[in-house]
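File shown: model_16.txt. Contents: compact mmCIF, C-alpha atoms.
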# COMPACT_ATOMS: atom_id res chain seq x y z
CA MET A 1 10.10 -22.24 -4.15
CA PHE A 2 7.53 -20.35 -6.23
CA VAL A 3 8.14 -20.11 -9.98
CA GLN A 4 6.68 -17.10 -11.76
CA ASP A 5 4.65 -17.95 -14.84
CA ARG A 6 5.25 -14.64 -16.62
CA THR A 7 8.45 -12.70 -15.96
CA ALA A 8 7.92 -8.95 -15.53
CA ILE A 9 10.39 -6.38 -14.28
CA VAL A 10 8.70 -4.14 -11.73
CA PRO A 11 11.43 -1.74 -10.53
CA ILE A 12 9.80 -0.40 -7.36
CA ILE A 13 8.89 -3.90 -6.23
CA ASP A 14 12.42 -5.08 -6.91
CA ALA A 15 13.75 -2.19 -4.82
CA LEU A 16 11.42 -3.07 -1.93
CA LEU A 17 12.46 -6.71 -2.11
CA ALA A 18 16.11 -5.68 -1.96
CA ALA A 19 15.35 -3.61 1.16
CA VAL A 20 13.97 -6.61 3.08
CA PRO A 21 16.84 -7.58 5.38
CA ALA A 22 18.27 -11.07 5.28
CA SER A 23 17.88 -11.33 9.04
CA ASP A 24 16.76 -14.19 11.23
CA SER A 25 13.07 -14.34 10.30
CA ARG A 26 10.30 -16.84 9.71
CA ILE A 27 6.68 -16.67 8.63
CA LEU A 28 4.21 -17.50 11.40
CA ASP A 29 0.81 -16.93 9.80
CA VAL A 30 -0.90 -15.86 6.58
CA ARG A 31 -4.53 -14.70 6.50
CA ILE A 32 -6.38 -13.78 3.30
CA GLY A 33 -9.68 -12.07 4.06
CA THR A 34 -12.28 -10.65 1.72
CA ALA A 35 -10.90 -7.11 2.15
CA TRP A 36 -7.43 -7.43 3.67
CA THR A 37 -4.50 -9.81 3.68
CA ALA A 38 -2.19 -10.13 6.69
CA VAL A 39 1.17 -11.82 7.12
CA VAL A 40 2.76 -12.33 10.53
CA ALA A 41 6.51 -12.88 10.76
CA GLU A 42 8.96 -13.33 13.58
CA VAL A 43 11.98 -11.11 13.01
CA ASP A 44 14.89 -11.34 15.41
CA GLY A 45 12.53 -12.73 18.05
CA THR A 46 9.80 -10.09 17.55
CA ARG A 47 6.39 -10.67 15.99
CA ARG A 48 5.43 -8.24 13.24
CA CYS A 49 2.33 -8.03 11.08
CA GLY A 50 2.04 -6.50 7.62
CA LEU A 51 -1.17 -5.65 5.76
CA ALA A 52 -2.12 -5.39 2.11
CA ALA A 53 -5.44 -4.97 0.35
CA THR A 54 -6.94 -8.17 -1.01
CA LEU A 55 -7.38 -7.88 -4.78
CA SER A 56 -10.19 -9.18 -6.95
CA ARG A 57 -9.62 -12.56 -8.55
CA LEU A 58 -11.52 -11.67 -11.74
CA GLY A 59 -9.66 -12.79 -14.83
CA HIS A 60 -7.33 -15.08 -12.88
CA ASP A 61 -7.34 -18.44 -14.66
CA GLY A 62 -4.94 -20.38 -12.44
CA PRO A 63 -5.38 -21.65 -8.89
CA SER A 64 -6.49 -18.94 -6.47
CA VAL A 65 -3.45 -19.25 -4.20
CA ARG A 66 -0.78 -21.82 -4.81
CA ASP A 67 0.17 -23.80 -1.71
CA ALA A 68 -2.82 -22.45 0.21
CA GLY A 69 -2.71 -24.03 3.64
CA SER A 70 1.07 -24.16 3.75
CA LEU A 71 2.08 -20.60 2.84
CA HIS A 72 3.40 -20.13 6.37
CA THR A 73 5.99 -22.83 5.72
CA HIS A 74 7.69 -20.88 2.94
CA SER A 75 10.77 -18.82 3.65
CA SER A 76 10.32 -15.11 4.25
CA GLN A 77 12.17 -14.16 1.07
CA ASP A 78 10.20 -16.66 -0.99
CA LEU A 79 6.86 -15.33 0.24
CA CYS A 80 7.89 -11.74 -0.47
CA GLN A 81 8.57 -12.67 -4.09
CA LEU A 82 4.83 -13.07 -4.64
CA ALA A 83 4.63 -9.25 -4.85
CA ARG A 84 6.27 -9.48 -8.27
CA PHE A 85 3.71 -11.89 -9.69
CA ASP A 86 0.70 -11.11 -11.86
CA SER A 87 -1.75 -13.16 -9.78
CA PRO A 88 -4.24 -10.85 -8.01
CA ALA A 89 -4.76 -13.50 -5.35
CA GLU A 90 -1.05 -13.83 -4.52
CA VAL A 91 0.40 -10.33 -4.94
CA PRO A 92 -1.19 -9.06 -1.66
CA VAL A 93 0.46 -11.93 0.22
CA GLY A 94 3.84 -10.82 -1.07
CA MET A 95 3.22 -7.16 -0.22
CA ALA A 96 1.93 -7.98 3.26
CA ALA A 97 5.06 -10.09 3.81
CA ILE A 98 7.27 -7.19 2.70
CA ASN A 99 5.44 -4.87 5.11
CA ALA A 100 5.94 -7.35 7.95
CA LEU A 101 9.65 -7.82 7.26
CA LEU A 102 10.85 -4.30 6.44
CA PRO A 103 12.73 -2.67 9.34
CA PRO A 104 10.45 -0.62 11.60
CA PRO A 105 10.23 2.97 10.32
CA PRO A 106 12.86 5.12 12.00
CA GLY A 107 10.66 8.20 12.10
CA PRO A 108 9.91 10.91 12.54
CA TRP A 109 6.29 10.02 12.05
CA GLN A 110 2.98 11.58 12.97
CA ASP A 111 -0.29 10.07 14.12
CA VAL A 112 -2.25 11.87 11.43
CA ASN A 113 -4.64 10.78 8.70
CA ALA A 114 -3.71 11.24 5.05
CA SER A 115 -6.94 13.15 4.42
CA ASP A 116 -6.04 15.83 6.99
CA LEU A 117 -2.60 16.35 5.44
CA LEU A 118 -4.03 16.56 1.93
CA ALA A 119 -6.57 19.15 3.09
CA GLU A 120 -3.87 21.19 4.79
CA ARG A 121 -1.36 21.09 1.92
CA GLY A 122 -3.91 21.33 -0.87
CA ALA A 123 -5.93 24.30 0.41
CA ASP A 124 -4.73 26.50 -2.48
CA LYS A 125 -3.44 23.77 -4.80
CA THR A 126 -4.56 21.32 -7.45
CA VAL A 127 -4.64 17.74 -6.17
CA ALA A 128 -4.71 14.57 -8.26
CA LEU A 129 -5.84 11.62 -6.16
CA VAL A 130 -5.32 8.18 -7.70
CA GLY A 131 -7.94 5.98 -6.07
CA HIS A 132 -11.40 6.79 -4.73
CA PHE A 133 -11.16 7.04 -0.94
CA PRO A 134 -14.10 7.47 1.48
CA PHE A 135 -12.98 11.04 2.25
CA VAL A 136 -13.23 12.29 -1.36
CA ASP A 137 -16.36 14.44 -0.88
CA TRP A 138 -14.97 15.91 2.35
CA LEU A 139 -11.62 16.69 0.71
CA ARG A 140 -13.17 18.26 -2.40
CA GLU A 141 -14.56 21.06 -0.23
CA ARG A 142 -11.16 21.81 1.29
CA VAL A 143 -8.75 21.98 -1.65
CA LYS A 144 -8.63 24.32 -4.62
CA THR A 145 -9.17 21.57 -7.20
CA LEU A 146 -9.50 17.81 -6.76
CA TRP A 147 -9.25 15.30 -9.58
CA VAL A 148 -9.95 11.69 -8.63
CA LEU A 149 -8.67 8.99 -10.98
CA GLU A 150 -10.26 5.58 -10.59
CA LEU A 151 -10.28 2.28 -12.47
CA ALA A 152 -14.00 1.96 -11.68
CA PRO A 153 -15.07 5.65 -11.66
CA GLN A 154 -17.83 6.82 -9.35
CA ALA A 155 -19.80 10.03 -9.72
CA GLY A 156 -17.36 12.93 -10.11
CA ASP A 157 -14.35 10.68 -10.79
CA LEU A 158 -12.20 10.55 -13.89
CA PRO A 159 -11.24 7.28 -15.57
CA ALA A 160 -7.75 5.97 -14.85
CA SER A 161 -6.97 6.50 -18.55
CA ALA A 162 -6.98 10.27 -17.91
CA ALA A 163 -3.83 10.02 -15.78
CA ALA A 164 -1.47 11.16 -18.56
CA GLU A 165 -3.50 14.35 -18.95
CA VAL A 166 -4.25 15.11 -15.30
CA ILE A 167 -1.19 14.16 -13.26
CA PRO A 168 1.25 16.54 -15.06
CA GLN A 169 -1.06 19.45 -14.10
CA ALA A 170 -1.24 18.61 -10.39
CA ASP A 171 0.60 20.41 -7.61
CA ILE A 172 0.02 17.42 -5.31
CA VAL A 173 -0.18 13.82 -6.50
CA ALA A 174 -1.64 11.34 -4.02
CA LEU A 175 -1.28 7.71 -5.07
CA THR A 176 -3.12 4.84 -3.45
CA SER A 177 -0.76 2.10 -2.33
CA MET A 178 -2.85 -0.17 -4.55
CA THR A 179 -0.55 1.12 -7.32
CA LEU A 180 2.17 -1.08 -5.82
CA LEU A 181 -0.12 -4.10 -5.94
CA ASN A 182 -1.27 -3.57 -9.52
CA HIS A 183 2.23 -2.52 -10.65
CA THR A 184 1.26 0.94 -11.94
CA PHE A 185 3.32 2.96 -9.44
CA ASP A 186 6.35 3.54 -11.67
CA GLY A 187 4.34 4.64 -14.69
CA LEU A 188 2.25 7.08 -12.67
CA MET A 189 5.30 8.56 -10.94
CA ALA A 190 6.84 9.22 -14.35
CA LEU A 191 3.91 11.52 -15.20
CA ARG A 192 4.34 13.95 -12.28
CA ARG A 193 5.89 17.40 -12.50
CA PRO A 194 9.36 17.64 -10.92
CA ASP A 195 8.06 20.17 -8.37
CA ALA A 196 4.91 18.24 -7.42
CA GLN A 197 4.49 16.91 -3.90
CA VAL A 198 3.77 13.17 -3.86
CA MET A 199 1.94 11.18 -1.20
CA LEU A 200 1.59 7.39 -1.10
CA LEU A 201 -1.37 6.45 1.07
CA GLY A 202 -3.33 3.48 2.27
CA PRO A 203 -2.76 0.62 4.73
CA SER A 204 -0.69 -1.31 2.15
CA THR A 205 1.93 1.48 2.08
CA PRO A 206 5.44 0.27 2.99
CA LEU A 207 6.76 2.60 5.67
CA THR A 208 10.32 2.75 4.42
CA PRO A 209 12.58 5.74 3.61
CA LEU A 210 13.43 3.89 0.39
CA LEU A 211 10.31 5.43 -1.14
CA PHE A 212 11.61 8.91 -0.39
CA ASN A 213 14.48 8.13 -2.75
CA ARG A 214 11.90 7.29 -5.43
CA GLY A 215 10.28 10.73 -5.34
CA VAL A 216 7.64 10.26 -2.63
CA ASP A 217 7.39 13.06 -0.04
CA LEU A 218 4.76 11.65 2.34
CA LEU A 219 4.05 8.06 3.35
CA SER A 220 0.67 7.54 5.03
CA GLY A 221 0.29 3.94 6.11
CA SER A 222 -0.51 1.69 9.02
CA VAL A 223 1.17 -0.12 11.90
CA VAL A 224 -0.49 -3.21 13.38
CA GLU A 225 -0.28 -2.96 17.15
CA GLU A 226 -2.77 -5.64 18.26
CA ILE A 227 -1.75 -8.52 16.03
CA ASP A 228 -4.09 -11.25 17.29
CA ALA A 229 -7.19 -9.06 17.24
CA VAL A 230 -6.37 -7.78 13.75
CA LEU A 231 -5.82 -11.34 12.47
CA ARG A 232 -9.26 -12.32 13.72
CA GLY A 233 -10.73 -9.29 12.00
CA VAL A 234 -9.01 -10.09 8.70
CA SER A 235 -10.21 -13.69 8.85
CA GLN A 236 -13.78 -12.54 9.50
CA GLY A 237 -13.89 -10.11 6.57
CA ALA A 238 -13.34 -6.84 8.45
CA GLY A 239 -13.09 -3.60 6.50
CA PHE A 240 -10.33 -1.18 7.35
CA ARG A 241 -12.36 0.95 9.75
CA GLN A 242 -13.03 -2.19 11.74
CA LEU A 243 -9.35 -3.19 11.67
CA HIS A 244 -8.41 0.31 12.81
CA ARG A 245 -10.61 -0.11 15.89
CA LEU A 246 -9.18 -3.58 16.52
CA GLY A 247 -5.62 -2.31 16.73
CA VAL A 248 -4.17 -0.65 13.64
CA ARG A 249 -2.43 2.70 14.06
CA LEU A 250 -2.49 5.27 11.23
CA VAL A 251 0.82 7.07 10.80
CA THR A 252 2.50 9.41 8.32
CA MET A 253 6.20 9.76 7.59
CA THR A 254 7.52 12.94 5.93
CA ARG A 255 10.67 13.28 3.87
CA LEU A 256 13.01 15.68 5.67

As structure tokens, how would this structure be written, given the file I've shared?
Amino acid sequence: MFVQDRTAIVPIIDALLAAVPASDSRILDVRIGTAWTAVVAEVDGTRRCGLAATLSRLGHDGPSVRDAGSLHTHSSQDLCQLARFDSPAEVPVGMAAINALLPPPPGPWQDVNASDLLAERGADKTVALVGHFPFVDWLRERVKTLWVLELAPQAGDLPASAAAEVIPQADIVALTSMTLLNHTFDGLMALRRPDAQVMLLGPSTPLTPLLFNRGVDLLSGSVVEEIDAVLRGVSQGAGFRQLHRLGVRLVTMTRL
């Protein structure tokens, strides 16, 4: 069993861990690629695959991944616990395991990209987007105002430190699911206006109604449909556009 070196209470992660059912499950495979991490589990006789973005290992002084080579032998619950850790090499494994083990989303869901929904809902609104996505320039032309907050700002972005000033002014707050991996989700959600619409987006997004109870209105994530092809892509360093073509479906769930 993994032992965490530094104890930290991360409420949203704890809630997600509590939502993982204690059903008949086992881990079949763990792949850590340069861009994406995948975990395959068998749940009640069905194979499922969860994805999470691979994080940088900069500043990580310990071993890259403890028990590398035998992660698939850990229990499902034990592997999920890695999402609570502070190791950038191990947290994605835990989140991908959570995404593999959570019950399939009950729907309703739409086969629609997050960018299209943001453009539609933000046409006359102010949008704060946490995370620089490839569609930023396209989206900026289609919403009233777009602020992009980024840890490593690109041209036109604001630094992440501006969140406390920007997010309370936004009509729509779109958070990258990386905020779950770097444990900033709860703090950013606390900055939003009560009437703001909130979207959580990115392939790491857990597609669970639990997040609707935490103030999220839209969940834009991914479902792995071609598990073997996607595993090969992850192992060979595929970016998300490549994984999408290999067999990942983009879906959005809306709070009713």

Near range 76-99 of chain A, 9 Å: range 115-190 of chain A residue rows, closest pairs, all atoms listed in the file, as a Markdown table:
| residue | atom | partner | partner_atom | distance |
| --- | --- | --- | --- | --- |
| A:Leu180 | CA | A:Met95 | CA | 8.3 |
| A:Leu181 | CA | A:Val91 | CA | 6.3 |
| A:Asn182 | CA | A:Pro88 | CA | 8.0 |
| A:His183 | CA | A:Arg84 | CA | 8.4 |

Using all atoms listed in the file, which of the listed residues (A:Gly69, A:Gly202, A:Thr179, A:Leu158) sits closest to Phe133 in chain A?
-> A:Gly202

Would you list the contacts of Ser23 in chain A as a VMD selection string, taking every protein, DNA or RNA residue within 10 Å and counting only C-alpha atoms, but skipping same-chain residues closer than 6 positions in sequence?
-> chain A and resid 43 to 44 76 101

Counting all atoms listed in the file, which of A:Thr205, A:Leu231, A:Ala18, A:Asp186 gets nearest to Ala53 in chain A?
->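 Nearest candidate to Ala53 in chain A out of A:Thr205, A:Leu231, A:Ala18, A:Asp186: A:Thr205.
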
In Å and to one decimal, CA of Lys144 in chain A is distant from CA of Ala163 in chain A by 18.8 Å

Write out as a list in words each polymer residue whose atoms come within 12 Å of Gly247 in chain A, counting only C-alpha atoms; drop sequence neighbours fewer than 5 positions from it.
->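 Within the cut-off, the hits are Cys49, Ser222, Val223, Val224, Glu225, Glu226, Ile227, Asp228, Ala229, Val230, Leu231, Arg232, Gly233, Val234, Phe240, Arg241 and Gln242 of chain A.
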
Residues within 9 Å of (-4.1, 25.2, -2.1), counting only C-alpha atoms, listed as a list in words = Ala119, Glu120, Arg121, Gly122, Ala123, Asp124, Lys125, Thr126, Val127, Arg142, Val143, Lys144, Thr145 and Asp171 of chain A

Counting all atoms listed in the file, the option among A:Met253, A:Ala174, A:Val20, A:Leu28 closest to Gly45 in chain A |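 When distances to Gly45 in chain A are compared using all atoms listed in the file, the smallest one comes from A:Leu28.
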
Near-Leu71 in chain A list (8 Å; all atoms listed in the file; drop same-chain fewer than 4 positions) as a count of residues only | 4

With a distance cut-off of 9 Å and all atoms listed in the file, select the neighbouring residues of Pro103 in chain A, excluding the residue or stretch itself and same-chain residues fewer than 3 positions from it, and output the selection as a list of chain:residue names.
->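 Everything that qualifies: A:Ala19, A:Val20, A:Pro21, A:Asn99, A:Ala100, A:Pro106, A:Leu207, A:Thr208.
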
Go ahead and write the selection's residues with C-alpha atoms as a PDB file, in the coordinates of the input.
ATOM      1  CA  ALA A  19      15.350  -3.610   1.160  1.00  0.00           C
ATOM      2  CA  VAL A  20      13.970  -6.610   3.080  1.00  0.00           C
ATOM      3  CA  PRO A  21      16.840  -7.580   5.380  1.00  0.00           C
ATOM      4  CA  ASN A  99       5.440  -4.870   5.110  1.00  0.00           C
ATOM      5  CA  ALA A 100       5.940  -7.350   7.950  1.00  0.00           C
ATOM      6  CA  PRO A 106      12.860   5.120  12.000  1.00  0.00           C
ATOM      7  CA  LEU A 207       6.760   2.600   5.670  1.00  0.00           C
ATOM      8  CA  THR A 208      10.320   2.750   4.420  1.00  0.00           C
TER       9      THR A 208
END

Closest to Leu139 in chain A among A:Ala160, A:Leu218, A:Ala152, A:Ala114, using all atoms listed in the file?
->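 Among A:Ala160, A:Leu218, A:Ala152, A:Ala114, it is A:Ala114 that comes nearest to Leu139 in chain A.
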
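What separates CA of Leu118 in chain A from CA of Val216 in chain A is a distance of 14.0 Å.
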
Hey, can I get the axis-aligned box for range 145-157 of chain A? All listed atoms, 3 Å padding on each side, centre and edge lengths in Å to one decimal, as lines of an AutoDock Vina configuration file.
center_x = -14.2
center_y = 11.8
center_z = -9.6
size_x = 17.1
size_y = 25.6
size_z = 11.7

Expressed in Å to a single decimal, how great is the separation between CA of Arg193 in chain A and CA of Arg214 in chain A?
-> 13.7 Å

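Using all atoms listed in the file, the smallest distance between any of A:Ser161, A:Ser235, A:Ile27, A:Ala196 and Thr54 in chain A comes from A:Ser235.
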
Skip Glu165 in chain A itself and residues of its chain fewer than 6 positions away, then list as a ChimeraX atom specification all residues within 12 Å of it, counting only C-alpha atoms.
-> /A:128,147,149,158-159,188,191-193

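Residue nearest Ala68 in chain A, chosen from A:Val130, A:Ala41, A:Ile32, A:Leu55 and counting only C-alpha atoms: A:Ile32.
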